[in-house]
Amino acid sequence: MTATAGALREVLASPKARGQWGERMADDILRLAGLIEGVSYVRQRATAHGTIPDITFLLPNGRVLHMDVKFPIDNYARHVDTGDEATRVAFLKDVRARVRELGGRGYVDPAGGTLDYVLLFLPNESIYGFVHEHDPALIDEALRRKVVLCSPLTLYAVLAVVRQAADAAALEATSGEVLTVLGVFTQEWDRFCESLDKVGRAVDAVERAYGELAGTRRRALERPIARVEELRRTGVPQQPLRAVR
């Protein structure tokens, strides 16, 4: 535990490392949720308000859901290192300020095609639990501002619901086309069966004609030939031939 805490302090001590850590955690969750960049979401795409969220999830019917992964944890890092009360208060104040800022960046714009909330990603369950424990009212304030705080686990749950809804909408959108294709297939199948029956009747007629040629007609031709051969050998006819009808 000491080694883990030390490693966490080292990560939190570097602003660059903190940013990379949050992005990497978000990437892992997106991958685990089965989302594909360019298909399920895009990065750093500007909104109509000129702001740029970190992640924009692409939803059915042209709707989108924005998420920001930048989270103020400088004072949290200091609190982890020192346990000072002032740093705890400062961290919670930073979180409230971040929620207010995010709520005013135009990420929630239902008239412009967004869902009615924006996601704020907290890259660690401990930080998420710390906020809940030390400032429960902050969560309520965030929800009033249409900001949903997500830890790695809760983000995965949210994205699982989002993906299921997207898949269901995609299936609904294509079901009409599937029914149309099935209708065309049914018509073509009926025509195929009708043509096949015609070919079958023609084959039966050919088979009957072939049987007559190979049987009755062939025997009728073989008898005069046999008689000619007999006359050639003996010169004496045996019986007069009768025509075969």
# chains A, B, ... in the order shown; residues from 1 in each chain; ligands from 1
>>> residues_around(residues="region 42-59 of chain A", least_positions_apart="6", cutoff="7 Å", atoms="only C-alpha atoms", output="list in words")
Leu65, His66, Met67, Asp68, Val69, Arg105, Gly106 and Ala166 of chain A
>>> residues_around(residues="Asn124 (chain A)", least_positions_apart="5", cutoff="9 Å", atoms="only C-alpha atoms", output="CSV table (one decimal) with C-alpha atoms, in the first residue's frame")
chain,number,residue,atom,x,y,z
A,22,GLY,CA,-6.9,10.7,-17.3
A,25,MET,CA,-8.1,5.8,-18.3
A,129,GLY,CA,-15.3,8.5,-3.5
A,151,SER,CA,-15.6,7.5,-12.2
A,152,PRO,CA,-14.2,4.7,-14.4
>>> residues_around(residues="Val64 (chain A)", least_positions_apart="4", cutoff="10 Å", atoms="only C-alpha atoms", output="list in words")
Tyr41, Thr56, Phe57, Leu58, Leu59, Pro60, Tyr107, Val108, Asp109, Pro110, Gly112, Gly113, Thr114, Leu115, Asp116 and Val118 of chain A
>>> write_last_selection(atoms="C-alpha atoms", output="CSV table (one decimal), in the first residue's frame")
chain,number,residue,atom,x,y,z
A,41,TYR,CA,-17.1,8.9,-30.9
A,56,THR,CA,-18.0,13.6,-28.4
A,57,PHE,CA,-20.1,10.4,-28.5
A,58,LEU,CA,-22.1,10.0,-31.7
A,59,LEU,CA,-25.7,8.9,-31.1
A,60,PRO,CA,-28.6,8.0,-33.4
A,107,TYR,CA,-21.9,21.3,-24.1
A,108,VAL,CA,-25.6,20.9,-23.1
A,109,ASP,CA,-27.6,22.2,-26.0
A,110,PRO,CA,-30.7,20.0,-26.7
A,112,GLY,CA,-28.5,22.0,-31.1
A,113,GLY,CA,-28.6,18.2,-31.0
A,114,THR,CA,-27.0,17.2,-27.7
A,115,LEU,CA,-28.4,15.2,-24.9
A,116,ASP,CA,-29.6,17.0,-21.7
A,118,VAL,CA,-22.5,16.4,-20.1
>>> atom_distance(atom1="CA of Val80 (chain A)", atom2="CA of Arg145 (chain A)")
28.4 Å
>>> closest_residue(among="A:Phe192, A:Ala160, A:Leu149, A:Tyr210", to="Glu125 (chain A)", atoms="only C-alpha atoms")
A:Leu149
>>> atom_distance(atom1="CA of Lys146 (chain A)", atom2="CA of Ala33 (chain A)")
23.0 Å
>>> atom_distance(atom1="CA of Ala26 (chain A)", atom2="CA of Gly104 (chain A)")
22.5 Å
>>> closest_residue(among="A:Tyr117, A:Phe91, A:Leu32, A:Ala165", to="Val131 (chain A)", atoms="only C-alpha atoms")
A:Phe91
>>> select_by_dssp(residues="region 28-158 of chain A", states="strand (DSSP E)", output="ChimeraX atom specification")
/A:41-43,55-58,64-68,118-121,147-150
